[in-house]
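Have a look at work_38.txt; it's compact mmCIF, C-alpha atoms:
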```txt
# COMPACT_ATOMS: atom_id res chain seq x y z
CA MET A 1 4.45 -17.09 -9.48
CA ILE A 2 1.30 -15.01 -9.45
CA GLU A 3 0.84 -13.59 -5.95
CA LEU A 4 -2.81 -12.93 -5.23
CA ARG A 5 -2.72 -12.32 -1.50
CA LEU A 6 -4.85 -9.35 -0.50
CA PRO A 7 -3.51 -6.54 1.69
CA LEU A 8 -6.17 -7.21 4.33
CA SER A 9 -5.18 -10.85 4.56
CA LEU A 10 -1.67 -9.64 5.39
CA LEU A 11 -3.20 -7.56 8.16
CA ASN A 12 -5.11 -10.57 9.49
CA ALA A 13 -1.90 -12.55 9.53
CA ALA A 14 -0.27 -9.80 11.58
CA GLN A 15 -2.31 -10.53 14.71
CA ASN A 16 -0.21 -10.30 17.87
CA LYS A 17 2.64 -8.73 15.92
CA PRO A 18 3.96 -5.25 16.70
CA MET A 19 3.16 -2.51 14.24
CA LEU A 20 3.07 1.21 13.69
CA VAL A 21 -0.16 2.83 12.60
CA GLU A 22 -0.21 6.37 11.26
CA LEU A 23 -3.53 8.16 11.09
CA LYS A 24 -4.57 10.73 8.52
CA ASN A 25 -3.93 13.49 11.04
CA GLY A 26 -0.34 12.33 11.56
CA GLU A 27 -0.74 10.71 14.98
CA THR A 28 1.17 7.47 15.36
CA PHE A 29 0.26 4.40 17.38
CA ASN A 30 2.89 1.77 18.17
CA GLY A 31 1.41 -1.43 19.53
CA HIS A 32 0.54 -5.07 19.06
CA LEU A 33 -2.41 -5.94 16.87
CA VAL A 34 -5.20 -7.66 18.74
CA ASN A 35 -7.83 -7.87 16.05
CA CYS A 36 -8.91 -6.38 12.75
CA ASP A 37 -11.86 -6.52 10.36
CA ASN A 38 -12.65 -5.92 6.72
CA PHE A 39 -13.06 -2.19 7.26
CA MET A 40 -9.48 -2.03 8.56
CA ASN A 41 -10.87 -1.19 12.04
CA ILE A 42 -8.22 -2.44 14.48
CA THR A 43 -7.64 -2.93 18.17
CA LEU A 44 -4.16 -2.62 19.58
CA ARG A 45 -2.67 -3.38 23.00
CA GLU A 46 0.34 -1.91 24.85
CA VAL A 47 0.16 1.19 22.70
CA TYR A 48 2.49 4.17 22.57
CA GLN A 49 0.61 7.08 21.06
CA THR A 50 2.44 10.10 19.64
CA ASN A 51 0.94 13.36 18.46
CA PRO A 52 1.55 14.64 14.89
CA ASP A 53 4.42 16.94 15.92
CA GLY A 54 6.16 14.13 17.72
CA ASP A 55 6.51 15.99 21.00
CA ARG A 56 3.79 14.42 23.16
CA PHE A 57 3.46 10.78 24.15
CA TRP A 58 0.84 8.63 25.81
CA LYS A 59 0.93 5.03 26.93
CA VAL A 60 -2.39 3.32 26.41
CA LYS A 61 -3.18 -0.24 27.42
CA GLU A 62 -5.72 -0.88 24.69
CA CYS A 63 -7.16 1.19 21.91
CA TYR A 64 -9.56 0.91 19.00
CA ILE A 65 -8.83 2.67 15.73
CA ARG A 66 -11.50 3.16 13.09
CA GLY A 67 -10.23 2.00 9.70
CA SER A 68 -11.34 5.12 7.87
CA THR A 69 -8.90 7.25 9.89
CA ILE A 70 -5.84 5.20 9.00
CA LYS A 71 -3.24 6.51 6.57
CA TYR A 72 -0.96 3.48 6.62
CA LEU A 73 0.40 0.64 8.76
CA ARG A 74 4.04 -0.40 9.07
CA VAL A 75 4.56 -4.05 9.90
CA PRO A 76 7.65 -6.21 10.57
CA ASP A 77 9.38 -7.19 7.32
CA THR A 78 9.49 -10.84 8.31
CA LEU A 79 5.68 -10.88 8.20
CA LEU A 80 5.49 -11.24 4.41
CA ASP A 81 7.65 -14.35 4.42
CA ALA A 82 5.77 -15.81 7.38
CA VAL A 83 2.45 -15.36 5.58
CA LYS A 84 3.78 -16.91 2.35
CA GLU A 85 4.95 -19.93 4.38
CA GLU A 86 1.55 -20.32 6.00
CA GLN A 87 -0.27 -20.06 2.68
CA ASN A 88 2.04 -22.63 1.08
CA LYS A 89 1.50 -25.03 3.95
CA ALA A 90 -2.26 -24.58 3.80
CA ARG A 91 -2.21 -25.11 0.07
CA GLU A 92 -0.09 -28.28 0.32
CA ALA A 93 -2.36 -29.68 3.02
CA GLY A 94 -5.47 -28.87 0.96
CA ARG A 95 -4.12 -30.38 -2.23
CA SER A 96 -2.91 -33.62 -0.71
CA ALA A 97 -6.26 -34.03 1.00
CA ARG A 98 -8.18 -33.66 -2.23
CA GLY A 99 -5.85 -35.41 -4.66
CA SER A 100 -6.50 -34.67 -8.34
CA HIS A 101 -10.11 -33.55 -7.92
CA VAL A 102 -10.61 -30.05 -9.30
CA SER A 103 -12.92 -28.19 -6.98
CA GLY A 104 -14.58 -24.79 -7.11
CA SER A 105 -13.00 -21.59 -5.97
CA GLY A 106 -14.37 -21.80 -2.43
CA GLY A 107 -11.78 -24.21 -1.16
CA ARG A 108 -8.87 -22.28 -2.52
CA GLY A 109 -8.81 -19.34 -0.21
CA MET A 110 -10.32 -15.92 -0.36
CA CYS A 111 -8.30 -14.62 -3.27
CA CYS A 112 -9.76 -16.72 -6.04
CA HIS A 113 -12.97 -14.88 -6.76
CA TYR A 114 -10.95 -11.78 -7.43
CA ALA A 115 -8.47 -13.71 -9.51
CA LEU A 116 -10.89 -15.54 -11.76
CA PRO A 117 -12.34 -12.45 -13.46
CA CYS A 118 -8.78 -11.37 -14.36
CA MET A 119 -7.92 -14.85 -15.56
CA PHE A 120 -11.16 -14.95 -17.51
CA ALA A 121 -10.20 -11.81 -19.38
CA TYR A 122 -6.91 -13.34 -20.46
CA SER A 123 -8.22 -16.70 -21.56
CA ASP A 124 -8.75 -17.59 -25.19
CA GLU A 125 -12.39 -18.45 -24.53
CA HIS A 126 -13.17 -14.82 -23.84
CA GLU A 127 -14.27 -13.92 -27.34
CA GLN A 128 -17.33 -16.11 -26.94
CA GLY A 129 -18.31 -14.31 -23.77
CA VAL A 130 -18.67 -17.62 -21.92
CA LEU A 131 -16.93 -19.07 -18.94
CA PRO A 132 -13.78 -20.96 -19.94
CA SER A 133 -14.13 -24.71 -20.40
CA LYS A 134 -13.32 -27.02 -17.51
CA GLU A 135 -9.89 -27.77 -18.98
CA VAL A 136 -8.98 -24.13 -19.36
CA ARG A 137 -10.34 -23.46 -15.88
CA SER A 138 -8.23 -26.17 -14.32
CA ASN A 139 -5.21 -24.84 -16.20
CA ILE A 140 -5.99 -21.39 -14.89
CA GLU A 141 -6.23 -22.76 -11.37
CA ILE A 142 -2.83 -24.33 -11.83
CA LEU A 143 -1.53 -20.96 -13.05
CA ILE A 144 -2.75 -19.31 -9.88
CA TYR A 145 -0.54 -21.48 -7.72
CA PHE A 146 2.49 -21.59 -9.95
CA MET B 1 -3.71 -11.67 -26.26
CA ASP B 2 -2.79 -8.27 -27.73
CA SER B 3 -6.23 -7.93 -29.33
CA LEU B 4 -7.83 -8.37 -25.91
CA ILE B 5 -6.05 -5.37 -24.38
CA PRO B 6 -8.98 -2.98 -24.97
CA PHE B 7 -11.27 -5.44 -23.14
CA THR B 8 -9.14 -6.15 -20.10
CA THR B 9 -9.89 -4.58 -16.75
CA SER B 10 -8.82 -0.96 -17.08
CA GLY B 11 -8.33 -0.25 -13.40
CA SER B 12 -6.16 -3.28 -12.75
CA LEU B 13 -2.87 -3.08 -10.92
CA VAL B 14 -1.94 -6.63 -11.79
CA ASP B 15 0.79 -5.43 -14.16
CA CYS B 16 2.40 -3.45 -11.37
CA VAL B 17 2.76 -6.35 -8.92
CA ASP B 18 6.34 -7.33 -8.04
CA ARG B 19 7.61 -4.14 -9.64
CA LYS B 20 9.43 -1.26 -8.04
CA MET B 21 6.97 1.58 -7.66
CA MET B 22 6.95 5.12 -6.38
CA VAL B 23 3.83 5.92 -4.38
CA VAL B 24 2.90 9.52 -3.62
CA LEU B 25 0.63 9.92 -0.60
CA ARG B 26 -1.81 12.74 0.03
CA ASP B 27 0.41 14.14 2.77
CA GLY B 28 3.13 14.61 0.14
CA ARG B 29 5.29 11.64 1.14
CA LYS B 30 7.11 9.75 -1.60
CA LEU B 31 7.57 6.05 -0.90
CA ILE B 32 9.52 3.74 -3.18
CA GLY B 33 9.09 0.01 -2.81
CA VAL B 34 8.13 -3.24 -4.48
CA LEU B 35 4.38 -3.58 -4.89
CA ARG B 36 3.41 -6.99 -3.54
CA SER B 37 -0.38 -6.86 -3.53
CA TYR B 38 -3.47 -4.69 -3.88
CA ASP B 39 -7.23 -4.97 -3.62
CA GLN B 40 -10.39 -3.31 -4.97
CA PHE B 41 -9.80 -0.19 -2.84
CA ALA B 42 -6.22 0.08 -4.11
CA ASN B 43 -4.93 -0.66 -0.62
CA LEU B 44 -1.30 -1.54 -1.27
CA VAL B 45 1.37 -3.75 0.23
CA LEU B 46 4.80 -2.27 -0.42
CA GLU B 47 7.93 -4.25 0.47
CA ASP B 48 11.45 -2.90 1.18
CA THR B 49 10.13 0.62 1.16
CA VAL B 50 12.31 3.71 1.31
CA GLU B 51 10.97 7.17 1.93
CA ARG B 52 12.64 9.79 -0.21
CA ILE B 53 12.77 13.56 0.22
CA TYR B 54 13.97 16.10 -2.33
CA HIS B 55 15.32 19.62 -2.10
CA THR B 56 16.60 21.54 -5.15
CA ASP B 57 19.20 19.21 -6.67
CA VAL B 58 19.67 16.98 -3.64
CA TYR B 59 17.78 13.98 -2.24
CA ALA B 60 17.88 11.70 0.80
CA GLU B 61 16.44 8.28 1.57
CA ARG B 62 15.30 6.50 4.72
CA TRP B 63 14.56 2.78 4.88
CA GLN B 64 11.12 2.03 6.24
CA GLY B 65 10.35 -1.65 5.59
CA LEU B 66 6.97 -3.25 4.94
CA TYR B 67 3.98 -0.95 4.42
CA LEU B 68 0.27 -1.58 4.21
CA ILE B 69 -1.12 1.64 2.70
CA ARG B 70 -4.82 2.46 2.79
CA GLY B 71 -5.91 3.16 -0.77
CA GLU B 72 -7.70 6.46 -0.21
CA ASN B 73 -4.43 8.10 0.85
CA VAL B 74 -2.67 7.38 -2.42
CA VAL B 75 -2.38 10.10 -5.04
CA LEU B 76 -0.49 8.13 -7.65
CA LEU B 77 1.64 5.11 -8.40
CA GLY B 78 4.51 5.23 -10.86
CA GLU B 79 6.66 2.39 -12.10
CA ILE B 80 10.38 2.90 -11.60
CA ASP B 81 12.46 1.98 -14.63
CA LEU B 82 15.29 -0.06 -13.16
CA ASP B 83 17.54 0.73 -16.12
CA GLN B 84 17.20 4.49 -15.78
CA GLU B 85 16.91 4.51 -12.01
CA ASP B 86 20.55 5.34 -11.40
CA ASP B 87 20.76 8.13 -13.96
CA ILE B 88 19.29 10.67 -11.56
CA PRO B 89 20.90 14.11 -12.02
CA LEU B 90 20.65 14.62 -8.26
CA ARG B 91 23.12 14.18 -5.43
CA GLN B 92 22.31 11.90 -2.51
CA VAL B 93 22.96 13.09 1.07
CA GLU B 94 22.20 11.93 4.61
CA TRP B 95 18.61 12.05 5.76
CA ASN B 96 19.22 14.12 8.90
CA VAL B 97 21.12 16.71 6.87
CA LEU B 98 18.32 17.26 4.38
CA GLU B 99 15.34 16.89 6.70
CA PRO B 100 15.29 20.47 8.07
CA TYR B 101 15.37 21.88 4.53
CA HIS B 102 12.58 19.58 3.53
CA LYS B 103 10.47 20.62 6.52
CA GLN B 104 11.06 24.24 5.59
CA ASP B 105 9.91 23.54 2.02
CA ILE B 106 6.73 21.99 3.34
CA ALA B 107 6.00 24.93 5.62
CA THR B 108 6.58 27.46 2.81
CA LYS B 109 4.37 25.49 0.46
CA LYS B 110 1.62 25.25 3.05
CA LYS B 111 1.64 29.00 3.63
CA LYS B 112 1.60 29.68 -0.10
CA ASP B 113 -1.31 27.29 -0.66
CA GLU B 114 -3.26 28.82 2.20
CA TYR B 115 -2.69 32.32 0.84
CA LYS B 116 -3.71 31.19 -2.65
CA ALA B 117 -6.86 29.52 -1.32
CA GLY B 118 -7.68 32.71 0.58
CA VAL B 119 -7.34 34.86 -2.53
CA LEU B 120 -9.40 32.48 -4.65
CA TYR B 121 -12.08 32.47 -1.98
CA GLU B 122 -12.23 36.22 -1.48
CA GLN B 123 -11.85 37.35 -5.06
CA LYS B 124 -13.09 34.54 -7.24
CA GLY B 125 -15.68 32.74 -5.13
CA PHE B 126 -13.84 29.41 -4.91
CA CYS B 127 -14.65 27.24 -1.89
CA LYS B 128 -12.13 26.85 0.87
CA GLU B 129 -10.72 23.37 1.27
CA GLY B 130 -12.54 21.15 3.75
CA GLY B 131 -9.45 20.65 5.89
CA GLU B 132 -8.32 17.50 4.11
CA GLY B 133 -4.80 18.72 4.65
CA ASP B 134 -3.44 17.46 1.35
CA GLY B 135 0.27 18.14 1.24
CA TYR B 136 1.11 17.08 -2.29
```

What does this structure look like when you write it as structure tokens?
Amino acid sequence: MIELRLPLSLLNAAQNKPMLVELKNGETFNGHLVNCDNFMNITLREVYQTNPDGDRFWKVKECYIRGSTIKYLRVPDTLLDAVKEEQNKAREAGRSARGSHVSGSGGRGMCCHYALPCMFAYSDEHEQGVLPSKEVRSNIEILIYF
Amino acid sequence: MDSLIPFTTSGSLVDCVDRKMMVVLRDGRKLIGVLRSYDQFANLVLEDTVERIYHTDVYAERWQGLYLIRGENVVLLGEIDLDQEDDIPLRQVEWNVLEPYHKQDIATKKKKDEYKAGVLYEQKGFCKEGGEGDGY
């Protein structure tokens, strides 16, 4: 199965979940994610802040962290499975609603417009420098979900 | 498909997805995990991650879980060959045993790099680092 979920969509799915954020300067923030955006700016609540040396602590009710200062985020391991479940359910619901009609990439979730260029490069139609035929495209779309 | 290889996206990580990877971060950390996804900034999702530290002929591991790493902090990604993975000529020990040695190594390296940067600045006219604090 080709997984095309973006890292930021994982972050969006982590709303209200606990997580650890480490900044570039080594400070860590343990809290629950309130909201996030495409720049990775996040707001957390019930936060325990630790300094880089690990010897000073603060409890902060709410904080905002600018995405550009983040080194990484650690999230609960169960989150990946939960997100896969949600995406499968959404996909099933979408497909049954539409039946066999092959629609454009818009209805398929945010990942497709990144996926199609890659798929395009691997299709046999590439040598002509044109978009793959409708058949190939629908086969590619099937590939994306299987 | 082989003839298309020169024309495929050169900066693509699609061949690395669902593979065990070692990621080196700018602070010097080495994380080993399964790459699950990436985006145009090379932000990474790493599953079942372990952090590994080395000292002379010894290493230690610590399980860390699911990581979302911001792309700009990554130095490199390397695929781990599952067949050769266990042929390491190093001994594994407990994390808390090795950690003080590792911290010492980092401190020594930092001092050495600072001294080097100082000499290059004074004698050769190199610029001093802008405080990015790269530890790799």

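CA of Cys36 (chain A) lies 14.1 Å from CA of Tyr72 (chain A).
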
(message) Which residues are close to Gly135 (chain B), i.e. within 6 Å by only C-alpha atoms, leaving aside same-chain residues fewer than 3 positions away? Reply as a PyMOL selection string.
(response) chain B and resi 26-28

(message) Can you tell me which residues surround Lys128 (chain B) at a distance of at most 10 Å, considering only C-alpha atoms, apart from same-chain residues fewer than 6 positions away, and format the answer as a ChimeraX atom specification?
(response) /B:114,117-122

Show me the residues close to (21.7, 12.0, -5.8) - anything with an atom within 6 Å, counting all atoms listed in the file - and format the list as a CSV table (one decimal) with C-alpha atoms, in the frame of the given file.
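The resulting selection-v3.csv:
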```csv
chain,number,residue,atom,x,y,z
B,58,VAL,CA,19.7,17.0,-3.6
B,59,TYR,CA,17.8,14.0,-2.2
B,90,LEU,CA,20.6,14.6,-8.3
B,91,ARG,CA,23.1,14.2,-5.4
B,92,GLN,CA,22.3,11.9,-2.5
```

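Considering the residues B:Asn43, B:Asn96, B:Gln84, B:Thr108 and counting all atoms listed in the file, Glu61 (chain B) has its shortest atom-to-atom contact with B:Asn96.
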
(request) Could you please determine the separation between CA of Leu46 (chain B) and CA of Asn35 (chain A) in Å, to one decimal place? (result) 21.5 Å

With all atoms listed in the file as the counted atoms, please give the residues lying no more than 12 Å from Trp63 (chain B), apart from itself and same-chain residues fewer than 4 positions off, as a short mmCIF file (atom, residue, chain, number, x, y, z; two decimals) with C-alpha atoms, in the coordinates of the input.
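result.cif was written with the following content:
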```
data_model
loop_
_atom_site.label_atom_id
_atom_site.label_comp_id
_atom_site.auth_asym_id
_atom_site.auth_seq_id
_atom_site.Cartn_x
_atom_site.Cartn_y
_atom_site.Cartn_z
CA ARG A 74 4.04 -0.40 9.07
CA ASP A 77 9.38 -7.19 7.32
CA LEU B 31 7.57 6.05 -0.90
CA ILE B 32 9.52 3.74 -3.18
CA GLY B 33 9.09 0.01 -2.81
CA GLU B 47 7.93 -4.25 0.47
CA ASP B 48 11.45 -2.90 1.18
CA THR B 49 10.13 0.62 1.16
CA VAL B 50 12.31 3.71 1.31
CA GLU B 51 10.97 7.17 1.93
CA ARG B 52 12.64 9.79 -0.21
CA ILE B 53 12.77 13.56 0.22
CA TYR B 67 3.98 -0.95 4.42
CA GLU B 94 22.20 11.93 4.61
CA TRP B 95 18.61 12.05 5.76
#
```

(request) Report the distance between CA of Lys61 (chain A) and CA of Leu73 (chain A) in Å, rounded to one decimal place. (result) 19.0 Å

(message) as a PyMOL selection string, could you give me every residue of chain B near chain A (at most 9 Å apart, counting only C-alpha atoms)?
(response) chain B and resi 1+4-5+7-9+12+14+17-18+25+27+36-40+43-45+47-48+64-73+132-133

With only C-alpha atoms as the counted atoms, please give the residues lying no more than 7 Å from Tyr64 (chain A), apart from itself and same-chain residues fewer than 4 positions off, as a tab-separated table (two decimals) with C-alpha atoms, keeping the file's coordinate frame.
```tsv
chain	number	residue	atom	x	y	z
A	42	ILE	CA	-8.22	-2.44	14.48
A	43	THR	CA	-7.64	-2.93	18.17
A	44	LEU	CA	-4.16	-2.62	19.58
```

(request) Rank nothing, just name the residue among B:Asp15, B:Asp57, B:Asp87, B:Asp134 nearest to Ile106 (chain B), using only C-alpha atoms. (result) B:Asp134

(request) Point out the residue among A:Phe57, A:Val83, A:Glu27, A:Ile65 with the least atom-to-atom distance to Asn12 (chain A), counting only C-alpha atoms. (result) A:Val83
